[in-house]
Amino acid sequence: MLVPEAPAVWNALKGLICIYKPAEVPVKKLRNIFIHKMCQELNNLKVRPPSGYVDIQGDPSKQLTVLVRPNLADNPLVVGPRYQEQDLPVSWSNYLGYNTSGVLLFGVKSGTKQAKHIRENLPTRSYRVKGVLGQVTDNCYKTGKVIQKSTWKHVKRENMDKFLSAMQAAHQKKMFELCGVDMQSQAAYDLAIQGLIRPANSKIPVIYGIKCVEFDGPEFTLEIQCVNEYEDYLMHLINEIGLKLHSTAHCTGIQCIRHSRFTIENALLMKHWTLPNILENMEKCEEVLKNNQGTSVTLA
Amino acid sequence: MPVKIQNISILNKFTNSLKYFSKMFKCFHLKVLSARNTSSSRRCLSVFSQLLMQSSEIELVEKNSKQIEESLIKSLNSTTKKSLLEPLSDSEDISHISTYLKPTYPNFAAYANNSEVLQELIKLDVNLHYIEKKLTEAVPFILKLNFEDIKDHILFLNQLGMKFEDIGQLITKNPFIFKEKLEDLDVRINYLKFKKFDEIMILRIISKNPFWLSYSTQDIDKKLGFFQMNFKLAGHEVRLVATKKPQLITHEQEKVKLNMFVIRDEMGFTIEDMKEMILKTPKLFMSGQQRMLKCFEYLHNEMGISHLQILEEPQILTCRENRLKARHQFLKKLGRDQFDNKKPNFVNLLEMVKNTDGIFAVQVAKSSAEEFNLFLKSM
């Protein structure tokens, strides 16, 4: 079987990749696993042979013999494998919390710059957040201790939809207010046609869309489009929704289904992290970026 | 070499005092020479005056200082055959002289091309990089070894039937085996033979557990006794456990005790159950207790598997919770989560977790790999 040359693969290994993060694995650990896997696979390819060692033997006053033999100091057993974990820079463009699963973007080598640009552009993310009515836990997630129970039978889908649309409107209105324009003015219209208005600060979470996609018994699923969100924010949002509906609720699962233009179809599962798959994924991500060049951003 | 270095240091002192004195000389001219009160300046004077005498310009120095300086020159002449200040002749070979390596960072690569012992270890496939990284304290120890010292150890292991690859692995993990005396190693092997371990068992034990031979017979006896006592094992059962998982015997006993506590008190198995477990899966008592407990909780509380069923296949407790969760929920979604072997369409627990995702999806879940991947992406 033809084994490809490792240096060529190493040079090709740069850009963005889109992976699927499972819940209950920290992003940092995922990054370490990724780097480890890549180095392992690169070392299994045809790596550089040890360099030559020039050995001059004999008495300098008489005849000298010059030998070139493989340099033992360059042997992988002595200096370690050719590709080591500290050699591969990898950074993430969106941070997902411990309990969140879903689309995660990694920038590899020169792709770390792209990842940084994507992060600084404040792209919107879509989440599918699951919740259960009737119970409150101390950390607003299913792993916490139940501290309060309530009835939930009176909550109907209509109540939920009504409240969620009011919430969405309030968030949108707030953005226009932050821009200092009247909602009924031409200026507001001009702003609105430019696209989403994003907060200038990357610390303020803003919701652009929120709706209930599934409502079944005490369980419900929301789809949320937002920027600058974080795991705790989404968990507490579910808690707040429960309270506003005159009941209680806690979160049972958070899944990021879209990060800017990268959807869950692009995402690679952990078991598929092999060099050919990763390189293919990089190409696909490059394509996605190329097709969506020049999308502008309005900051509030 | 140390002699030469000493000379250099003396010469340095000599030239330093020379410089120092020449300054003084410029300032005070011959006043200082006549004054010379302190003993230290006297010594400087003596050295300097010797130089001056050679050029035969001044003869102002006292007799006693002359004696001192003569003895100094004598000692210099006796240790070096010729002056270091003279250029080297072309015929002299100085290629073996190099600067000292810094001892702060022990590094094999710097010595690999010259050290015989390192070259022999490389031939045995010993991963020196691993030792450098994980067992830093072993690096100076290995660098000080001679190949003659370790040859007998390697031959001894080879005579027991170990292949050279295995010996390389053993040295990688436990380079301190060379610290043990050959007689001791022989005694330790004889102990195992005395305890009715046959040759294949011994071979498996020493190749699977690189640290076994570093323990004294008393230690090994205590450790085997610990398992025999706590699990109420018969002699042949102890041998079975030791051969099946040699690492368990030398594993930290506190951790084994902790795992015993988890299995007995937290999971609710009896001591007889534990005995059955250690005979079937000795690895269980080495795994992390948190991980094992999580796996058990999912099996028992979520999947409703009884203690008896777990006892039939205790291996299931070494499975990762995530893997178990994903596969169980996929089966649940398909309506195939039936683990009772008395009812039709039951799923064997071990079959469920042991193979890769593709085989599981097709053979156990009777679905397709794509379907399972889609399901994993929805979790």
# chains A, B, ... in the order shown; residues from 1 in each chain; ligands from 1

call {"tool": "closest_atom_pairs", "arguments": {"of": "chain A", "to": "chain B", "cutoff": "6 Å", "atoms": "only C-alpha atoms", "output": "JSON lines"}}
result
{"residue": "A:Ser61", "atom": "CA", "partner": "B:Ser91", "partner_atom": "CA", "distance": 5.1}
{"residue": "A:Leu72", "atom": "CA", "partner": "B:Asn113", "partner_atom": "CA", "distance": 5.6}
{"residue": "A:Ala73", "atom": "CA", "partner": "B:Ala109", "partner_atom": "CA", "distance": 4.3}
{"residue": "A:Leu77", "atom": "CA", "partner": "B:Asn127", "partner_atom": "CA", "distance": 4.9}
{"residue": "A:Val78", "atom": "CA", "partner": "B:His129", "partner_atom": "CA", "distance": 5.0}
{"residue": "A:Val79", "atom": "CA", "partner": "B:His129", "partner_atom": "CA", "distance": 5.7}
{"residue": "A:Gly80", "atom": "CA", "partner": "B:His129", "partner_atom": "CA", "distance": 5.0}

call {"tool": "select_by_dssp", "arguments": {"residues": "region 174-268 of chain B", "states": "alpha helix (DSSP H)", "output": "ChimeraX atom specification"}}
result
/B:182-194,199-208,217-231,235-244,246-250,253-261

call {"tool": "select_by_dssp", "arguments": {"residues": "region 95-207 of chain A", "states": "strand (DSSP E or B)", "output": "PyMOL selection string"}}
result
chain A and resi 100-108+125-133+135-137+141+146-149+197-198+206-207

call {"tool": "residues_around", "arguments": {"residues": "Lys163 (chain B)", "least_positions_apart": "4", "cutoff": "12 Å", "atoms": "only C-alpha atoms", "output": "PyMOL selection string"}}
result
chain B and resi 124-125+154-159+167-170+203-204+206-207

call {"tool": "closest_residue", "arguments": {"among": "B:Ile278, B:Leu233, B:Ile97, B:Leu299", "to": "Leu317 (chain B)", "atoms": "only C-alpha atoms"}}
result
B:Leu299

call {"tool": "residues_around", "arguments": {"residues": "Thr270 (chain B)", "least_positions_apart": "3", "cutoff": "12 Å", "atoms": "only C-alpha atoms", "output": "list in words"}}
result
Phe231, Met260, Phe261, Val262, Ile263, Arg264, Asp265, Glu266, Met267, Asp273, Met274, Lys275, Glu276, Met277, His307, Leu308 and Leu311 of chain B

call {"tool": "write_last_selection", "arguments": {"atoms": "N, CA, C and O atoms", "output": "tab-separated table (two decimals), in the first residue's frame"}}
result
chain	number	residue	atom	x	y	z
B	231	PHE	N	-9.93	-11.53	49.10
B	231	PHE	CA	-10.92	-12.11	48.19
B	231	PHE	C	-11.16	-13.58	48.49
B	231	PHE	O	-11.89	-14.25	47.77
B	260	MET	N	-12.55	-1.80	46.08
B	260	MET	CA	-13.30	-2.82	46.80
B	260	MET	C	-14.44	-2.17	47.58
B	260	MET	O	-15.56	-2.69	47.61
B	261	PHE	N	-14.13	-1.02	48.17
B	261	PHE	CA	-15.17	-0.30	48.92
B	261	PHE	C	-16.31	0.11	47.99
B	261	PHE	O	-17.49	-0.04	48.32
B	262	VAL	N	-15.94	0.64	46.81
B	262	VAL	CA	-16.96	1.08	45.86
B	262	VAL	C	-17.85	-0.08	45.44
B	262	VAL	O	-19.07	0.02	45.42
B	263	ILE	N	-17.22	-1.21	45.15
B	263	ILE	CA	-17.99	-2.35	44.64
B	263	ILE	C	-18.84	-2.97	45.76
B	263	ILE	O	-20.00	-3.31	45.55
B	264	ARG	N	-18.28	-3.04	46.95
B	264	ARG	CA	-19.01	-3.71	48.03
B	264	ARG	C	-20.03	-2.79	48.68
B	264	ARG	O	-21.22	-3.11	48.76
B	265	ASP	N	-19.59	-1.60	49.08
B	265	ASP	CA	-20.48	-0.75	49.86
B	265	ASP	C	-21.33	0.18	49.02
B	265	ASP	O	-22.47	0.44	49.36
B	266	GLU	N	-20.76	0.70	47.94
B	266	GLU	CA	-21.55	1.66	47.16
B	266	GLU	C	-22.43	0.97	46.13
B	266	GLU	O	-23.54	1.40	45.86
B	267	MET	N	-21.93	-0.11	45.54
B	267	MET	CA	-22.75	-0.79	44.54
B	267	MET	C	-23.59	-1.90	45.18
B	267	MET	O	-24.62	-2.27	44.63
B	273	ASP	N	-19.39	-12.20	45.55
B	273	ASP	CA	-19.53	-11.59	44.22
B	273	ASP	C	-18.20	-11.01	43.76
B	273	ASP	O	-17.82	-11.14	42.60
B	274	MET	N	-17.52	-10.36	44.72
B	274	MET	CA	-16.25	-9.72	44.37
B	274	MET	C	-15.23	-10.76	43.94
B	274	MET	O	-14.43	-10.52	43.03
B	275	LYS	N	-15.28	-11.92	44.60
B	275	LYS	CA	-14.35	-12.99	44.23
B	275	LYS	C	-14.60	-13.42	42.79
B	275	LYS	O	-13.67	-13.59	42.00
B	276	GLU	N	-15.87	-13.55	42.47
B	276	GLU	CA	-16.22	-13.94	41.11
B	276	GLU	C	-15.75	-12.88	40.11
B	276	GLU	O	-15.25	-13.19	39.03
B	277	MET	N	-15.89	-11.62	40.53
B	277	MET	CA	-15.50	-10.52	39.65
B	277	MET	C	-14.00	-10.53	39.39
B	277	MET	O	-13.55	-10.35	38.26
B	307	HIS	N	-28.10	-6.79	39.66
B	307	HIS	CA	-26.75	-7.14	40.11
B	307	HIS	C	-26.33	-8.49	39.52
B	307	HIS	O	-25.18	-8.68	39.13
B	308	LEU	N	-27.29	-9.40	39.48
B	308	LEU	CA	-26.99	-10.75	39.02
B	308	LEU	C	-26.52	-10.74	37.57
B	308	LEU	O	-25.57	-11.43	37.18
B	311	LEU	N	-23.10	-9.38	37.29
B	311	LEU	CA	-22.14	-10.36	37.78
B	311	LEU	C	-21.81	-11.40	36.72
B	311	LEU	O	-20.71	-11.96	36.71

call {"tool": "residues_around", "arguments": {"residues": "Val103 (chain A)", "least_positions_apart": "5", "cutoff": "10 Å", "atoms": "only C-alpha atoms", "output": "MDAnalysis selection string"}}
result
(chainID A and resid 18:22 94 96 125:127 255:259 262:269) or (chainID B and resid 377)

call {"tool": "closest_residue", "arguments": {"among": "A:Arg198, A:Lys116, A:Lys211, A:Lys145", "to": "Cys179 (chain A)", "atoms": "only C-alpha atoms"}}
result
A:Arg198

call {"tool": "atom_distance", "arguments": {"atom1": "CA of Leu16 (chain A)", "atom2": "CA of Glu85 (chain A)"}}
result
18.3 Å

call {"tool": "atom_distance", "arguments": {"atom1": "CA of Thr137 (chain A)", "atom2": "CA of Leu164 (chain A)"}}
result
21.9 Å

call {"tool": "residues_around", "arguments": {"residues": "region 181-187 of chain B", "least_positions_apart": "5", "cutoff": "12 Å", "atoms": "only C-alpha atoms", "output": "PDB file with C-alpha atoms, in the first residue's frame"}}
result
ATOM      1  CA  ASP B 149      26.881  -3.901  33.414  1.00  0.00           C
ATOM      2  CA  ILE B 150      23.588  -4.429  31.667  1.00  0.00           C
ATOM      3  CA  LYS B 151      24.505  -7.224  29.289  1.00  0.00           C
ATOM      4  CA  ASP B 152      23.931  -9.944  31.831  1.00  0.00           C
ATOM      5  CA  HIS B 153      20.526  -8.589  32.795  1.00  0.00           C
ATOM      6  CA  ILE B 154      19.384  -8.635  29.188  1.00  0.00           C
ATOM      7  CA  LEU B 155      20.703 -12.151  28.660  1.00  0.00           C
ATOM      8  CA  PHE B 156      19.025 -13.245  31.887  1.00  0.00           C
ATOM      9  CA  LEU B 157      15.660 -11.960  30.671  1.00  0.00           C
ATOM     10  CA  GLN B 159      16.977 -16.890  28.870  1.00  0.00           C
ATOM     11  CA  LEU B 160      13.596 -16.745  30.608  1.00  0.00           C
ATOM     12  CA  PHE B 176      15.821   0.772  37.106  1.00  0.00           C
ATOM     13  CA  LEU B 192       7.526 -17.811  41.559  1.00  0.00           C
ATOM     14  CA  LYS B 193       8.611 -21.323  40.595  1.00  0.00           C
ATOM     15  CA  PHE B 194       8.364 -22.334  44.236  1.00  0.00           C
ATOM     16  CA  ILE B 206       7.382 -10.425  33.704  1.00  0.00           C
ATOM     17  CA  PHE B 211       7.912  -3.597  37.585  1.00  0.00           C
ATOM     18  CA  TRP B 212       7.359  -7.089  38.978  1.00  0.00           C
ATOM     19  CA  LEU B 213      11.051  -7.985  39.132  1.00  0.00           C
ATOM     20  CA  SER B 214      11.894  -4.777  40.965  1.00  0.00           C
ATOM     21  CA  TYR B 215       9.918  -5.917  44.000  1.00  0.00           C
ATOM     22  CA  SER B 216      11.586  -8.116  46.576  1.00  0.00           C
ATOM     23  CA  THR B 217      10.193 -11.580  47.271  1.00  0.00           C
ATOM     24  CA  GLN B 218       8.890 -10.392  50.620  1.00  0.00           C
ATOM     25  CA  ILE B 220       5.487  -9.878  46.281  1.00  0.00           C
TER      26      ILE B 220
END

call {"tool": "atom_distance", "arguments": {"atom1": "CA of Gly15 (chain A)", "atom2": "CA of Lys113 (chain A)"}}
result
8.8 Å

call {"tool": "residues_around", "arguments": {"residues": "Met235 (chain A)", "least_positions_apart": "3", "cutoff": "10 Å", "atoms": "only C-alpha atoms", "output": "PyMOL selection string"}}
result
chain A and resi 129-131+139-142+230-232+238-240+249-254

call {"tool": "closest_residue", "arguments": {"among": "B:Gln289, B:Asn146, B:Thr172, B:Asn345", "to": "Thr318 (chain B)", "atoms": "only C-alpha atoms"}}
result
B:Gln289
